[in-house]
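Contents: one structure, followed by commentary.
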Amino acid sequence: MDWLQITQALFLAAMMVFIFPMVKRAFNKPSESTGKWGSIIVPLTIVLAIVAFLIFSVR
């Protein structure tokens, strides 16, 4: 393993540590978070589109 892979693994682990409690909280209180799914889906879609664009521009 090189340093890039180690750094990527650390960032992935940190993301999971910070995102998991938020998702767990959202599923425990569905009445308060019903309107918030749009605010989660839109940025996620934008990020996925940017990543896909970067992948296809490299090929």
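Labels used: A, B, ... for chains in the order of the structure tokens, numbers from 1 for residues in each chain, and numbers from 1 for ligands as shown.
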- Task: Check the DSSP output for the backbone and give back, as a PyMOL selection string, the residues of chain A in alpha helix (DSSP H).
- Result: chain A and resi 3-28+37-58
Quick one: write out the picked residues with N, CA and C atoms as a tab-separated table (two decimals), in the first residue's frame?
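Wrote it out as selection_29.tsv, contents follow:
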chain	number	residue	atom	x	y	z
A	3	TRP	N	1.05	5.65	0.16
A	3	TRP	CA	0.47	6.68	1.04
A	3	TRP	C	-0.87	7.19	0.53
A	4	LEU	N	-1.07	7.20	-0.78
A	4	LEU	CA	-2.34	7.65	-1.33
A	4	LEU	C	-3.48	6.72	-0.91
A	5	GLN	N	-3.26	5.44	-0.97
A	5	GLN	CA	-4.30	4.49	-0.57
A	5	GLN	C	-4.57	4.55	0.92
A	6	ILE	N	-3.54	4.75	1.71
A	6	ILE	CA	-3.72	4.88	3.16
A	6	ILE	C	-4.53	6.13	3.48
A	7	THR	N	-4.22	7.25	2.81
A	7	THR	CA	-4.94	8.49	3.02
A	7	THR	C	-6.40	8.35	2.60
A	8	GLN	N	-6.63	7.71	1.47
A	8	GLN	CA	-8.00	7.50	1.01
A	8	GLN	C	-8.78	6.63	1.99
A	9	ALA	N	-8.16	5.62	2.52
A	9	ALA	CA	-8.84	4.75	3.49
A	9	ALA	C	-9.17	5.52	4.77
A	10	LEU	N	-8.26	6.39	5.20
A	10	LEU	CA	-8.53	7.20	6.39
A	10	LEU	C	-9.67	8.18	6.16
A	11	PHE	N	-9.70	8.82	4.99
A	11	PHE	CA	-10.81	9.74	4.69
A	11	PHE	C	-12.14	9.00	4.60
A	12	LEU	N	-12.13	7.81	4.01
A	12	LEU	CA	-13.36	7.02	3.92
A	12	LEU	C	-13.85	6.62	5.30
A	13	ALA	N	-12.95	6.21	6.16
A	13	ALA	CA	-13.33	5.85	7.52
A	13	ALA	C	-13.87	7.06	8.28
A	14	ALA	N	-13.24	8.22	8.10
A	14	ALA	CA	-13.72	9.43	8.77
A	14	ALA	C	-15.10	9.82	8.27
A	15	MET	N	-15.33	9.69	6.97
A	15	MET	CA	-16.66	10.00	6.43
A	15	MET	C	-17.72	9.09	7.03
A	16	MET	N	-17.42	7.81	7.14
A	16	MET	CA	-18.38	6.87	7.72
A	16	MET	C	-18.64	7.19	9.18
A	17	VAL	N	-17.61	7.59	9.90
A	17	VAL	CA	-17.79	7.91	11.32
A	17	VAL	C	-18.70	9.12	11.49
A	18	PHE	N	-18.55	10.13	10.62
A	18	PHE	CA	-19.34	11.34	10.76
A	18	PHE	C	-20.73	11.22	10.14
A	19	ILE	N	-20.89	10.42	9.09
A	19	ILE	CA	-22.18	10.32	8.41
A	19	ILE	C	-23.11	9.34	9.11
A	20	PHE	N	-22.58	8.25	9.67
A	20	PHE	CA	-23.44	7.22	10.25
A	20	PHE	C	-24.37	7.75	11.34
A	21	PRO	N	-23.92	8.57	12.30
A	21	PRO	CA	-24.86	9.06	13.31
A	21	PRO	C	-25.97	9.93	12.73
A	22	MET	N	-25.67	10.69	11.67
A	22	MET	CA	-26.69	11.53	11.05
A	22	MET	C	-27.77	10.68	10.37
A	23	VAL	N	-27.34	9.64	9.69
A	23	VAL	CA	-28.30	8.75	9.02
A	23	VAL	C	-29.13	8.00	10.06
A	24	LYS	N	-28.49	7.55	11.11
A	24	LYS	CA	-29.20	6.85	12.18
A	24	LYS	C	-30.24	7.75	12.82
A	25	ARG	N	-29.87	9.01	13.06
A	25	ARG	CA	-30.80	9.97	13.64
A	25	ARG	C	-31.97	10.26	12.69
A	26	ALA	N	-31.70	10.31	11.40
A	26	ALA	CA	-32.75	10.58	10.41
A	26	ALA	C	-33.76	9.42	10.36
A	27	PHE	N	-33.28	8.19	10.50
A	27	PHE	CA	-34.20	7.06	10.47
A	27	PHE	C	-34.97	6.89	11.78
A	28	ASN	N	-34.42	7.37	12.88
A	28	ASN	CA	-35.13	7.26	14.16
A	28	ASN	C	-36.26	8.28	14.29
A	37	TRP	N	-35.06	14.96	2.80
A	37	TRP	CA	-34.43	14.03	1.86
A	37	TRP	C	-34.05	14.74	0.57
A	38	GLY	N	-34.82	15.74	0.18
A	38	GLY	CA	-34.46	16.50	-1.02
A	38	GLY	C	-33.16	17.24	-0.84
A	39	SER	N	-32.93	17.73	0.35
A	39	SER	CA	-31.68	18.45	0.61
A	39	SER	C	-30.50	17.51	0.73
A	40	ILE	N	-30.74	16.23	0.84
A	40	ILE	CA	-29.66	15.24	0.84
A	40	ILE	C	-29.42	14.72	-0.57
A	41	ILE	N	-30.50	14.49	-1.31
A	41	ILE	CA	-30.39	13.88	-2.63
A	41	ILE	C	-29.77	14.83	-3.65
A	42	VAL	N	-30.14	16.11	-3.60
A	42	VAL	CA	-29.64	17.07	-4.60
A	42	VAL	C	-28.12	17.22	-4.52
A	43	PRO	N	-27.52	17.50	-3.36
A	43	PRO	CA	-26.05	17.60	-3.34
A	43	PRO	C	-25.35	16.28	-3.68
A	44	LEU	N	-25.95	15.16	-3.26
A	44	LEU	CA	-25.36	13.87	-3.59
A	44	LEU	C	-25.37	13.63	-5.09
A	45	THR	N	-26.46	14.01	-5.75
A	45	THR	CA	-26.54	13.87	-7.21
A	45	THR	C	-25.52	14.77	-7.90
A	46	ILE	N	-25.34	15.98	-7.40
A	46	ILE	CA	-24.37	16.89	-7.99
A	46	ILE	C	-22.96	16.33	-7.84
A	47	VAL	N	-22.64	15.81	-6.67
A	47	VAL	CA	-21.30	15.24	-6.45
A	47	VAL	C	-21.08	14.04	-7.35
A	48	LEU	N	-22.07	13.17	-7.47
A	48	LEU	CA	-21.93	12.00	-8.34
A	48	LEU	C	-21.76	12.42	-9.80
A	49	ALA	N	-22.47	13.47	-10.22
A	49	ALA	CA	-22.33	13.96	-11.60
A	49	ALA	C	-20.93	14.52	-11.84
A	50	ILE	N	-20.39	15.24	-10.87
A	50	ILE	CA	-19.05	15.79	-11.02
A	50	ILE	C	-18.01	14.67	-11.08
A	51	VAL	N	-18.16	13.67	-10.23
A	51	VAL	CA	-17.23	12.54	-10.24
A	51	VAL	C	-17.32	11.79	-11.56
A	52	ALA	N	-18.53	11.56	-12.05
A	52	ALA	CA	-18.69	10.87	-13.33
A	52	ALA	C	-18.07	11.68	-14.46
A	53	PHE	N	-18.27	13.01	-14.42
A	53	PHE	CA	-17.66	13.87	-15.44
A	53	PHE	C	-16.14	13.78	-15.40
A	54	LEU	N	-15.56	13.79	-14.21
A	54	LEU	CA	-14.11	13.69	-14.10
A	54	LEU	C	-13.58	12.36	-14.58
A	55	ILE	N	-14.32	11.28	-14.28
A	55	ILE	CA	-13.89	9.96	-14.73
A	55	ILE	C	-13.94	9.86	-16.25
A	56	PHE	N	-15.04	10.37	-16.84
A	56	PHE	CA	-15.16	10.28	-18.30
A	56	PHE	C	-14.21	11.24	-19.02
A	57	SER	N	-13.84	12.33	-18.38
A	57	SER	CA	-12.91	13.26	-19.04
A	57	SER	C	-11.48	12.72	-19.03
A	58	VAL	N	-11.16	11.83	-18.13
A	58	VAL	CA	-9.83	11.25	-18.07
A	58	VAL	C	-9.66	10.17	-19.13
